[in-house]
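> So here's data.pdb (PDB, C-alpha atoms).
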MODEL        1
ATOM      1  CA  MET A   1     -17.841 -21.656  14.018
ATOM      2  CA  LYS A   2     -15.686 -19.172  15.920
ATOM      3  CA  ARG A   3     -12.545 -20.685  14.418
ATOM      4  CA  MET A   4     -14.009 -20.423  10.923
ATOM      5  CA  ASN A   5     -14.888 -16.764  11.519
ATOM      6  CA  TYR A   6     -11.333 -16.181  12.731
ATOM      7  CA  TYR A   7      -9.842 -17.737   9.591
ATOM      8  CA  LEU A   8     -12.147 -15.697   7.369
ATOM      9  CA  GLN A   9     -11.123 -12.507   9.162
ATOM     10  CA  VAL A  10      -7.429 -13.330   8.727
ATOM     11  CA  LEU A  11      -8.008 -13.924   5.007
ATOM     12  CA  THR A  12      -9.879 -10.626   4.799
ATOM     13  CA  VAL A  13      -7.005  -8.776   6.460
ATOM     14  CA  ILE A  14      -4.582 -10.475   4.063
ATOM     15  CA  GLY A  15      -6.620  -9.086   1.164
ATOM     16  CA  ILE A  16      -6.551  -5.556   2.597
ATOM     17  CA  ASN A  17      -2.800  -5.797   3.157
ATOM     18  CA  ILE A  18      -2.312  -7.060  -0.401
ATOM     19  CA  ILE A  19      -3.985  -3.889  -1.702
ATOM     20  CA  LEU A  20      -1.726  -1.793   0.526
ATOM     21  CA  ALA A  21       1.438  -3.621  -0.522
ATOM     22  CA  VAL A  22       0.554  -3.467  -4.221
ATOM     23  CA  SER A  23      -0.201   0.249  -3.956
ATOM     24  CA  LEU A  24       3.129   1.029  -2.295
ATOM     25  CA  ASN A  25       4.909  -1.269  -4.747
ATOM     26  CA  LEU A  26       3.695   0.968  -7.564
ATOM     27  CA  VAL A  27       5.359   3.973  -5.913
ATOM     28  CA  SER A  28       8.495   2.454  -4.410
ATOM     29  CA  GLY A  29       8.966  -0.739  -6.412
ATOM     30  CA  PHE A  30       8.076   0.239  -9.970
ATOM     31  CA  THR A  31       8.766   3.990  -9.879
ATOM     32  CA  GLY A  32      11.600   3.927  -7.337
ATOM     33  CA  GLN A  33      10.286   6.632  -4.969
ATOM     34  CA  LEU A  34      10.774   5.805  -1.279
ATOM     35  CA  SER A  35       7.669   6.733   0.720
ATOM     36  CA  LEU A  36       7.520   6.448   4.520
ATOM     37  CA  GLY A  37       4.010   7.823   4.912
ATOM     38  CA  HIS A  38       1.903   5.493   2.815
ATOM     39  CA  ALA A  39      -0.393   4.529   5.704
ATOM     40  CA  THR A  40      -1.481   8.185   5.816
ATOM     41  CA  PHE A  41      -3.438   7.704   2.589
ATOM     42  CA  MET A  42      -4.995   4.602   4.059
ATOM     43  CA  GLY A  43      -6.097   6.746   7.009
ATOM     44  CA  ILE A  44      -7.509   9.478   4.771
ATOM     45  CA  GLY A  45      -9.567   6.909   2.889
ATOM     46  CA  ALA A  46     -10.756   5.283   6.118
ATOM     47  CA  TYR A  47     -11.789   8.528   7.826
ATOM     48  CA  THR A  48     -13.454   9.979   4.730
ATOM     49  CA  ALA A  49     -15.483   6.830   4.046
ATOM     50  CA  THR A  50     -16.417   6.507   7.726
ATOM     51  CA  LEU A  51     -17.538  10.131   8.122
ATOM     52  CA  LEU A  52     -19.646   9.915   4.967
ATOM     53  CA  ALA A  53     -21.330   6.758   6.242
ATOM     54  CA  LEU A  54     -21.862   7.950   9.835
ATOM     55  CA  LYS A  55     -22.660  11.639   9.328
ATOM     56  CA  LEU A  56     -24.313  11.730   5.903
ATOM     57  CA  HIS A  57     -25.556   8.102   5.691
ATOM     58  CA  VAL A  58     -23.899   7.592   2.311
ATOM     59  CA  PRO A  59     -23.996   3.916   1.164
ATOM     60  CA  PHE A  60     -20.904   1.746   1.461
ATOM     61  CA  ILE A  61     -19.660   1.677  -2.155
ATOM     62  CA  PRO A  62     -19.918   5.455  -2.789
ATOM     63  CA  SER A  63     -18.280   6.103   0.594
ATOM     64  CA  LEU A  64     -15.452   3.739  -0.290
ATOM     65  CA  ILE A  65     -14.873   5.312  -3.717
ATOM     66  CA  PHE A  66     -15.088   8.871  -2.400
ATOM     67  CA  GLY A  67     -12.644   8.000   0.386
ATOM     68  CA  ALA A  68     -10.202   6.610  -2.179
ATOM     69  CA  ALA A  69     -10.657   9.720  -4.329
ATOM     70  CA  MET A  70      -9.907  11.933  -1.325
ATOM     71  CA  ALA A  71      -6.745   9.928  -0.633
ATOM     72  CA  ALA A  72      -5.744  10.339  -4.294
ATOM     73  CA  PHE A  73      -6.372  14.090  -4.042
ATOM     74  CA  PHE A  74      -4.037  14.365  -1.046
ATOM     75  CA  GLY A  75      -1.555  12.133  -2.880
ATOM     76  CA  PHE A  76      -1.545  14.622  -5.727
ATOM     77  CA  ILE A  77      -1.327  17.640  -3.387
ATOM     78  CA  ILE A  78       1.622  16.257  -1.446
ATOM     79  CA  GLY A  79       3.204  14.836  -4.598
ATOM     80  CA  VAL A  80       3.477  18.153  -6.444
ATOM     81  CA  PRO A  81       6.001  19.752  -4.037
ATOM     82  CA  THR A  82       7.708  16.653  -2.606
ATOM     83  CA  LEU A  83       8.287  14.495  -5.679
ATOM     84  CA  ARG A  84      10.761  17.022  -6.990
ATOM     85  CA  LEU A  85      12.923  15.666  -4.179
ATOM     86  CA  LYS A  86      14.897  12.441  -4.383
ATOM     87  CA  GLY A  87      16.130   9.675  -2.114
ATOM     88  CA  ASP A  88      16.365  10.424   1.597
ATOM     89  CA  TYR A  89      14.853  13.887   1.196
ATOM     90  CA  LEU A  90      11.689  12.438  -0.347
ATOM     91  CA  ALA A  91      11.455   9.809   2.399
ATOM     92  CA  ILE A  92      11.740  12.487   5.108
ATOM     93  CA  ALA A  93       9.137  14.684   3.360
ATOM     94  CA  THR A  94       6.603  11.827   3.185
ATOM     95  CA  LEU A  95       7.328  10.953   6.798
ATOM     96  CA  GLY A  96       6.679  14.560   7.797
ATOM     97  CA  PHE A  97       3.403  14.596   5.857
ATOM     98  CA  GLY A  98       2.295  11.487   7.713
ATOM     99  CA  GLU A  99       3.013  13.032  11.096
ATOM    100  CA  ILE A 100       1.194  16.246  10.141
ATOM    101  CA  MET A 101      -1.932  14.339   9.107
ATOM    102  CA  LYS A 102      -1.815  12.199  12.238
ATOM    103  CA  ASN A 103      -1.745  15.292  14.448
ATOM    104  CA  ILE A 104      -4.584  16.878  12.484
ATOM    105  CA  LEU A 105      -6.706  13.766  13.019
ATOM    106  CA  LEU A 106      -5.804  13.764  16.717
ATOM    107  CA  ASN A 107      -7.034  17.336  17.176
ATOM    108  CA  LEU A 108     -10.163  17.498  15.031
ATOM    109  CA  LYS A 109     -13.480  17.097  16.803
ATOM    110  CA  ILE A 110     -15.195  15.590  13.770
ATOM    111  CA  THR A 111     -12.674  12.732  13.660
ATOM    112  CA  GLY A 112     -13.133  11.919  17.338
ATOM    113  CA  GLY A 113      -9.636  13.060  18.267
ATOM    114  CA  PRO A 114      -7.504  10.414  19.997
ATOM    115  CA  MET A 115     -10.646   8.405  20.786
ATOM    116  CA  GLY A 116     -11.286   7.796  17.091
ATOM    117  CA  LEU A 117     -14.609   6.849  15.519
ATOM    118  CA  ARG A 118     -16.810   4.003  16.733
ATOM    119  CA  GLY A 119     -20.036   2.398  15.624
ATOM    120  CA  ILE A 120     -18.984   1.973  11.998
ATOM    121  CA  PRO A 121     -21.288  -0.521  10.238
ATOM    122  CA  LYS A 122     -19.576  -3.823   9.485
ATOM    123  CA  VAL A 123     -19.934  -4.229   5.736
ATOM    124  CA  THR A 124     -16.533  -5.507   4.633
ATOM    125  CA  ASN A 125     -16.319  -9.254   4.139
ATOM    126  CA  ILE A 126     -14.082 -11.731   2.351
ATOM    127  CA  TYR A 127     -16.049 -11.494  -0.901
ATOM    128  CA  ILE A 128     -15.902  -7.702  -1.116
ATOM    129  CA  VAL A 129     -12.190  -7.691  -0.314
ATOM    130  CA  ALA A 130     -11.480 -10.464  -2.844
ATOM    131  CA  ALA A 131     -13.314  -8.461  -5.526
ATOM    132  CA  ALA A 132     -11.351  -5.328  -4.588
ATOM    133  CA  VAL A 133      -8.040  -7.233  -4.776
ATOM    134  CA  VAL A 134      -8.898  -8.560  -8.246
ATOM    135  CA  VAL A 135      -9.871  -5.098  -9.515
ATOM    136  CA  VAL A 136      -6.748  -3.446  -8.069
ATOM    137  CA  ILE A 137      -4.358  -6.065  -9.463
ATOM    138  CA  PHE A 138      -6.090  -6.085 -12.860
ATOM    139  CA  THR A 139      -5.969  -2.299 -13.210
ATOM    140  CA  LEU A 140      -2.349  -2.208 -12.046
ATOM    141  CA  ASN A 141      -1.496  -4.882 -14.602
ATOM    142  CA  ARG A 142      -3.072  -2.810 -17.378
ATOM    143  CA  ILE A 143      -1.167   0.266 -16.222
ATOM    144  CA  MET A 144       2.175  -1.496 -16.083
ATOM    145  CA  ILE A 145       1.990  -3.016 -19.567
ATOM    146  CA  SER A 146       1.040   0.360 -21.022
ATOM    147  CA  ARG A 147       3.335   3.221 -22.016
ATOM    148  CA  VAL A 148       2.688   4.802 -18.619
ATOM    149  CA  GLY A 149       3.955   1.720 -16.790
ATOM    150  CA  LYS A 150       7.082   1.538 -18.905
ATOM    151  CA  SER A 151       7.714   5.198 -18.122
ATOM    152  CA  PHE A 152       7.477   4.379 -14.397
ATOM    153  CA  ILE A 153      10.088   1.643 -14.800
ATOM    154  CA  ALA A 154      12.330   3.916 -16.877
ATOM    155  CA  ILE A 155      12.260   6.522 -14.107
ATOM    156  CA  ARG A 156      13.240   3.921 -11.544
ATOM    157  CA  GLU A 157      16.088   2.549 -13.643
ATOM    158  CA  ASP A 158      17.646   5.903 -14.594
ATOM    159  CA  GLU A 159      15.776   9.154 -14.090
ATOM    160  CA  LEU A 160      18.277  11.251 -16.057
ATOM    161  CA  ALA A 161      18.110   8.898 -19.029
ATOM    162  CA  ALA A 162      14.306   8.920 -18.852
ATOM    163  CA  GLU A 163      14.311  12.731 -18.976
ATOM    164  CA  ALA A 164      16.680  12.623 -21.919
ATOM    165  CA  MET A 165      14.211  10.378 -23.743
ATOM    166  CA  GLY A 166      11.483  12.997 -23.319
ATOM    167  CA  ILE A 167       9.685  11.534 -20.279
ATOM    168  CA  ASN A 168       8.348  14.191 -17.898
ATOM    169  CA  THR A 169       9.623  12.437 -14.791
ATOM    170  CA  THR A 170       7.963  14.769 -12.283
ATOM    171  CA  ASN A 171       4.517  14.324 -13.811
ATOM    172  CA  TYR A 172       4.859  10.551 -13.962
ATOM    173  CA  LYS A 173       6.057  10.362 -10.361
ATOM    174  CA  ILE A 174       3.062  12.455  -9.259
ATOM    175  CA  LEU A 175       0.785  10.151 -11.259
ATOM    176  CA  ALA A 176       2.248   7.051  -9.604
ATOM    177  CA  PHE A 177       1.893   8.673  -6.185
ATOM    178  CA  THR A 178      -1.750   9.596  -6.895
ATOM    179  CA  ILE A 179      -2.709   6.129  -8.139
ATOM    180  CA  GLY A 180      -0.938   4.478  -5.196
ATOM    181  CA  ALA A 181      -2.774   6.783  -2.782
ATOM    182  CA  PHE A 182      -6.105   5.882  -4.434
ATOM    183  CA  TYR A 183      -5.482   2.169  -3.904
ATOM    184  CA  ALA A 184      -4.402   2.795  -0.298
ATOM    185  CA  GLY A 185      -7.616   4.779   0.273
ATOM    186  CA  ILE A 186      -9.644   1.761  -0.855
ATOM    187  CA  ALA A 187      -7.768  -0.417   1.640
ATOM    188  CA  GLY A 188      -8.424   2.148   4.378
ATOM    189  CA  GLY A 189     -12.161   2.173   3.729
ATOM    190  CA  LEU A 190     -12.295  -1.628   3.743
ATOM    191  CA  PHE A 191     -10.329  -1.645   7.007
ATOM    192  CA  ALA A 192     -12.739   0.784   8.679
ATOM    193  CA  PHE A 193     -15.843  -1.146   7.632
ATOM    194  CA  LEU A 194     -14.273  -4.398   8.821
ATOM    195  CA  PHE A 195     -13.123  -3.515  12.351
ATOM    196  CA  ARG A 196     -15.853  -0.908  13.017
ATOM    197  CA  TYR A 197     -13.423   1.350  14.895
ATOM    198  CA  ILE A 198     -10.544   3.550  13.761
ATOM    199  CA  ASN A 199      -8.177   5.980  15.457
ATOM    200  CA  PRO A 200      -5.134   7.916  14.200
ATOM    201  CA  ASN A 201      -2.694   5.361  15.643
ATOM    202  CA  ASN A 202      -3.994   2.762  13.178
ATOM    203  CA  PHE A 203      -2.380   4.766  10.371
ATOM    204  CA  GLY A 204       0.872   5.978  11.916
ATOM    205  CA  PHE A 205       4.531   5.560  11.038
ATOM    206  CA  MET A 206       4.712   1.912  12.179
ATOM    207  CA  LYS A 207       1.905   0.950   9.816
ATOM    208  CA  SER A 208       3.789   2.599   6.938
ATOM    209  CA  ILE A 209       6.904   0.618   7.870
ATOM    210  CA  GLU A 210       4.856  -2.581   8.034
ATOM    211  CA  ILE A 211       3.593  -1.991   4.486
ATOM    212  CA  LEU A 212       7.123  -1.219   3.280
ATOM    213  CA  CYS A 213       8.383  -4.462   4.865
ATOM    214  CA  MET A 214       5.766  -6.422   2.909
ATOM    215  CA  VAL A 215       7.022  -4.933  -0.347
ATOM    216  CA  VAL A 216      10.706  -5.408   0.481
ATOM    217  CA  LEU A 217      10.202  -8.982   1.710
ATOM    218  CA  GLY A 218       8.320 -10.022  -1.412
ATOM    219  CA  GLY A 219      10.590  -8.199  -3.844
ATOM    220  CA  MET A 220      10.572  -4.587  -4.993
ATOM    221  CA  GLY A 221       8.979  -4.010  -8.378
ATOM    222  CA  ASN A 222       7.150  -7.330  -8.366
ATOM    223  CA  THR A 223       3.383  -7.575  -7.930
ATOM    224  CA  ALA A 224       3.491 -11.294  -7.106
ATOM    225  CA  GLY A 225       6.196 -10.558  -4.533
ATOM    226  CA  ALA A 226       4.095  -7.824  -2.910
ATOM    227  CA  ILE A 227       1.179 -10.265  -2.663
ATOM    228  CA  LEU A 228       3.395 -12.937  -1.108
ATOM    229  CA  GLY A 229       5.007 -10.488   1.311
ATOM    230  CA  ALA A 230       1.614  -9.184   2.444
ATOM    231  CA  ALA A 231       0.309 -12.708   3.012
ATOM    232  CA  LEU A 232       3.389 -13.847   4.945
ATOM    233  CA  LEU A 233       3.638 -10.805   7.198
ATOM    234  CA  THR A 234      -0.075 -11.006   7.995
ATOM    235  CA  VAL A 235      -0.122 -14.727   8.780
ATOM    236  CA  LEU A 236       3.207 -14.907  10.641
ATOM    237  CA  PRO A 237       2.199 -12.826  13.714
ATOM    238  CA  GLU A 238      -1.056 -14.791  13.959
ATOM    239  CA  PHE A 239       0.850 -18.068  13.762
ATOM    240  CA  LEU A 240       3.332 -17.009  16.446
ATOM    241  CA  ARG A 241       0.435 -15.854  18.612
ATOM    242  CA  SER A 242      -1.067 -19.360  18.538
ATOM    243  CA  VAL A 243       2.116 -21.391  19.121
ATOM    244  CA  SER A 244       2.584 -20.690  22.826
ATOM    245  CA  PRO A 245       2.022 -17.950  25.386
ATOM    246  CA  LEU A 246       5.780 -17.293  25.637
ATOM    247  CA  ILE A 247       6.273 -16.946  21.906
ATOM    248  CA  SER A 248       3.094 -14.931  21.682
ATOM    249  CA  GLN A 249       4.520 -12.478  24.214
ATOM    250  CA  TYR A 250       7.656 -11.979  22.146
ATOM    251  CA  ARG A 251       6.149 -12.543  18.699
ATOM    252  CA  MET A 252       7.220  -9.094  17.469
ATOM    253  CA  VAL A 253      10.837  -9.970  18.346
ATOM    254  CA  PHE A 254      10.630 -13.103  16.182
ATOM    255  CA  TYR A 255       8.902 -11.059  13.478
ATOM    256  CA  GLY A 256      11.730  -8.502  13.445
ATOM    257  CA  LEU A 257      14.408 -11.194  13.575
ATOM    258  CA  LEU A 258      12.907 -12.902  10.543
ATOM    259  CA  LEU A 259      13.087  -9.654   8.573
ATOM    260  CA  VAL A 260      16.730  -9.094   9.559
ATOM    261  CA  VAL A 261      17.691 -12.640   8.530
ATOM    262  CA  MET A 262      15.741 -12.292   5.286
ATOM    263  CA  MET A 263      17.509  -9.052   4.366
ATOM    264  CA  ILE A 264      20.907 -10.683   5.008
ATOM    265  CA  VAL A 265      20.206 -13.935   3.174
ATOM    266  CA  ARG A 266      18.135 -12.571   0.277
ATOM    267  CA  PRO A 267      18.094  -8.756   0.207
ATOM    268  CA  GLN A 268      16.471  -8.694  -3.245
ATOM    269  CA  GLY A 269      13.310 -10.248  -1.831
ATOM    270  CA  LEU A 270      11.609 -13.604  -2.251
ATOM    271  CA  LEU A 271      10.504 -13.145  -5.861
ATOM    272  CA  SER A 272      12.927 -10.560  -7.210
ATOM    273  CA  ASN A 273      13.219 -10.232 -10.986
ATOM    274  CA  THR A 274      10.470 -12.750 -11.708
ATOM    275  CA  SER A 275       7.826 -10.169 -12.439
ATOM    276  CA  PHE A 276       5.571 -10.603 -15.455
ATOM    277  CA  TYR A 277       6.290  -7.038 -16.501
ATOM    278  CA  PHE A 278      10.039  -7.507 -16.713
ATOM    279  CA  ARG A 279       9.654 -10.777 -18.607
ATOM    280  CA  ARG A 280       7.294  -9.110 -21.075
ATOM    281  CA  ILE A 281       9.676  -6.200 -21.669
ATOM    282  CA  SER A 282      12.591  -8.627 -22.075
ATOM    283  CA  VAL A 283      10.666 -10.666 -24.643
ATOM    284  CA  GLU A 284       9.786  -7.515 -26.578
ATOM    285  CA  LYS A 285      13.450  -6.416 -26.618
ATOM    286  CA  ASN A 286      14.615  -9.829 -27.830
ATOM    287  CA  ALA A 287      11.909  -9.877 -30.501
ATOM    288  CA  GLY A 288      13.055  -6.450 -31.662
ATOM    289  CA  LYS A 289      16.652  -7.646 -31.957
ATOM    290  CA  GLY A 290      15.550 -10.716 -33.849
ATOM    291  CA  GLY A 291      13.565  -8.551 -36.258
ATOM    292  CA  ARG A 292      16.669  -6.546 -37.085
TER     293      ARG A 292
ENDMDL
END
Produce structure tokens that represent the structure in this file.


Amino acid sequence: MKRMNYYLQVLTVIGINIILAVSLNLVSGFTGQLSLGHATFMGIGAYTATLLALKLHVPFIPSLIFGAAMAAFFGFIIGVPTLRLKGDYLAIATLGFGEIMKNILLNLKITGGPMGLRGIPKVTNIYIVAAAVVVVIFTLNRIMISRVGKSFIAIREDELAAEAMGINTTNYKILAFTIGAFYAGIAGGLFAFLFRYINPNNFGFMKSIEILCMVVLGGMGNTAGAILGAALLTVLPEFLRSVSPLISQYRMVFYGLLLVVMMIVRPQGLLSNTSFYFRRISVEKNAGKGGR
């Protein structure tokens, strides 16, 4: 029974990480904007949902949605000034935003400071997370096959050319950032209601890097790749933990080594250029040529 509960919890965490990886993939993979503070939005969603549930006794679903909306609001607020930046400057700006929010959470009394928040009701389960994953992937799919999604891809491929074609690149980048933050806020709320305890360190820089590794390992700009990367990098540490005490002690070394080897052998990711979206666009282009 304990083993079954353990497996179910691992599957639940995989689902939460899939939402996180897919949300960052929208920003970094499809739109081409490097963000190093994505876990911050997860934290905003987690703290907002938790405070609503603990302080105001708001039910689970409204707390979860409001937490995601708050994360999206901060995504919009930080996106307006920073997404005019590009490349390394944008990455540094998002990293700075993450550190600012972490220090705010550490010093606010209502958030419990460094001690975090305890006594969160355990509501999240495998069924709720599975439903959330389906909804997130479905909505992302609809976005990416729409004109908005094609504008995201155009910005990633060549921002100057996209502007020349009449695409307001700044507005679309802010939109991608806001939607990605909303999804991350959902994952944060699910995380809080699963583990029943949160503190600012759960949503720091290392968590953002972990999410980015999932996206890079699976393949940038590929939803299936983000799902695979999230699953692998969630299961691998658990597997290494169970092999032997020695390997368990140094499991993070093996974890890092695997990423280094992967980036050398296949830097484009496990499923690069196999995305449904790219195939669809390619088919449409070929059909257009055939029609002429």

> Ranking A:Val129, A:Leu95, A:Leu51, A:Ile14 by minimum distance to Ser208 in chain A and counting all atoms listed in the file, which one comes first?

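Looking only at the distances to Ser208 in chain A, the closest residue turns out to be A:Leu95.
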
> Nearest to Leu106 in chain A among A:Ile198, A:Ala162, A:Ile16, A:Leu54, with distances taken over all atoms listed in the file: which residue is it?

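Of A:Ile198, A:Ala162, A:Ile16, A:Leu54, the one nearest Leu106 in chain A is A:Ile198, counting all atoms listed in the file.
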
> Hey, which of A:Thr169, A:Thr234, A:Gln9, A:Ser63 ends up closest to Ile211 in chain A? Count only C-alpha atoms.

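Of all the options, A:Thr234 lies closest to Ile211 in chain A.
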
> For this file, the PyMOL selection byres ((chain A and resi 126) around 10) selects which residues, as a PyMOL selection string?

chain A and resi 8-16+124-125+127-132+194

> Counting all atoms listed in the file, which of A:Ala187, A:Leu259, A:Val253, A:Val80 gets nearest to Leu233 in chain A?

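Selected residue with least distance to Leu233 in chain A: A:Leu259.
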
> What does the structure give for the distance between CA of Met42 in chain A and CA of Val134 in chain A, in Å to one decimal?

18.4 Å

> Identify, on the basis of all atoms listed in the file, every residue whose closest approach to range 83-88 of chain A does not exceed 7 Å; exclude the query and any residue fewer than 6 positions from it along the same chain; express the result as JSON, numbers by chain.

{"A": [34, 170, 173, 174]}

> Find, counting all atoms listed in the file, the residue in A:Ile153, A:Val58, A:Ala21, A:Ala93 that gets nearest to Val133 in chain A.

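Smallest separation from Val133 in chain A among the options: A:Ala21.
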
> Please provide as a short mmCIF file (atom, residue, chain, number, x, y, z; two decimals) with C-alpha atoms, keeping the file's coordinate frame all residues within 7 Å of range 140-152 of chain A, with the sequence filter that same-chain residues fewer than 4 positions apart are discarded (counting only C-alpha atoms).


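Listing of part.cif after writing:
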data_model
loop_
_atom_site.label_atom_id
_atom_site.label_comp_id
_atom_site.auth_asym_id
_atom_site.auth_seq_id
_atom_site.Cartn_x
_atom_site.Cartn_y
_atom_site.Cartn_z
CA PHE A 30 8.08 0.24 -9.97
CA THR A 31 8.77 3.99 -9.88
CA VAL A 136 -6.75 -3.45 -8.07
CA ARG A 156 13.24 3.92 -11.54
CA ILE A 167 9.68 11.53 -20.28
CA TYR A 172 4.86 10.55 -13.96
CA TYR A 277 6.29 -7.04 -16.50
#

> CA of Met262 in chain A to CA of Leu236 in chain A: how many Å, to one decimal?

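Computing the Euclidean distance for CA of Met262 in chain A and CA of Leu236 in chain A yields 13.9 Å.
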
> Report, in Å to a single decimal, how far apart CA of Ala192 in chain A and CA of Ala46 in chain A are.

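It comes out at 5.5 Å.
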
> Counting all atoms listed in the file, find the residues whose atoms lie at most 12 Å from (-0.8, 5.6, 18.4) (file coordinates) and write them out as a PDB file with C-alpha atoms, keeping the file's coordinate frame.


ATOM      1  CA  GLU A  99       3.013  13.032  11.096  1.00  0.00           C
ATOM      2  CA  LYS A 102      -1.815  12.199  12.238  1.00  0.00           C
ATOM      3  CA  ASN A 103      -1.745  15.292  14.448  1.00  0.00           C
ATOM      4  CA  LEU A 105      -6.706  13.766  13.019  1.00  0.00           C
ATOM      5  CA  LEU A 106      -5.804  13.764  16.717  1.00  0.00           C
ATOM      6  CA  GLY A 113      -9.636  13.060  18.267  1.00  0.00           C
ATOM      7  CA  PRO A 114      -7.504  10.414  19.997  1.00  0.00           C
ATOM      8  CA  MET A 115     -10.646   8.405  20.786  1.00  0.00           C
ATOM      9  CA  GLY A 116     -11.286   7.796  17.091  1.00  0.00           C
ATOM     10  CA  ILE A 198     -10.544   3.550  13.761  1.00  0.00           C
ATOM     11  CA  ASN A 199      -8.177   5.980  15.457  1.00  0.00           C
ATOM     12  CA  PRO A 200      -5.134   7.916  14.200  1.00  0.00           C
ATOM     13  CA  ASN A 201      -2.694   5.361  15.643  1.00  0.00           C
ATOM     14  CA  ASN A 202      -3.994   2.762  13.178  1.00  0.00           C
ATOM     15  CA  PHE A 203      -2.380   4.766  10.371  1.00  0.00           C
ATOM     16  CA  GLY A 204       0.872   5.978  11.916  1.00  0.00           C
ATOM     17  CA  PHE A 205       4.531   5.560  11.038  1.00  0.00           C
ATOM     18  CA  MET A 206       4.712   1.912  12.179  1.00  0.00           C
ATOM     19  CA  LYS A 207       1.905   0.950   9.816  1.00  0.00           C
TER      20      LYS A 207
END

> Got a sec to resolve the PyMOL selection byres ((chain A and resi 69-74) around 8) on this structure and send the residues as a VMD selection string?

chain A and resid 41 to 42 44 to 45 48 65 to 68 75 to 78 178 to 182 184 to 185

> Between A:Leu190, A:Ala230, A:Val27, A:Cys213, which is the closest to Gly79 in chain A once you count all atoms listed in the file?

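Checking each candidate against Gly79 in chain A, we get A:Val27 as the closest.
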
> Which centre and which edge lengths, in Å to one decimal, describe the axis-aligned box that holds all listed atoms of range 177-187 of chain A after 4 Å is added on each side, as AutoDock Vina command-line options?


--center_x -3.9 --center_y 4.6 --center_z -3.2 --size_x 19.5 --size_y 18.0 --size_z 17.8
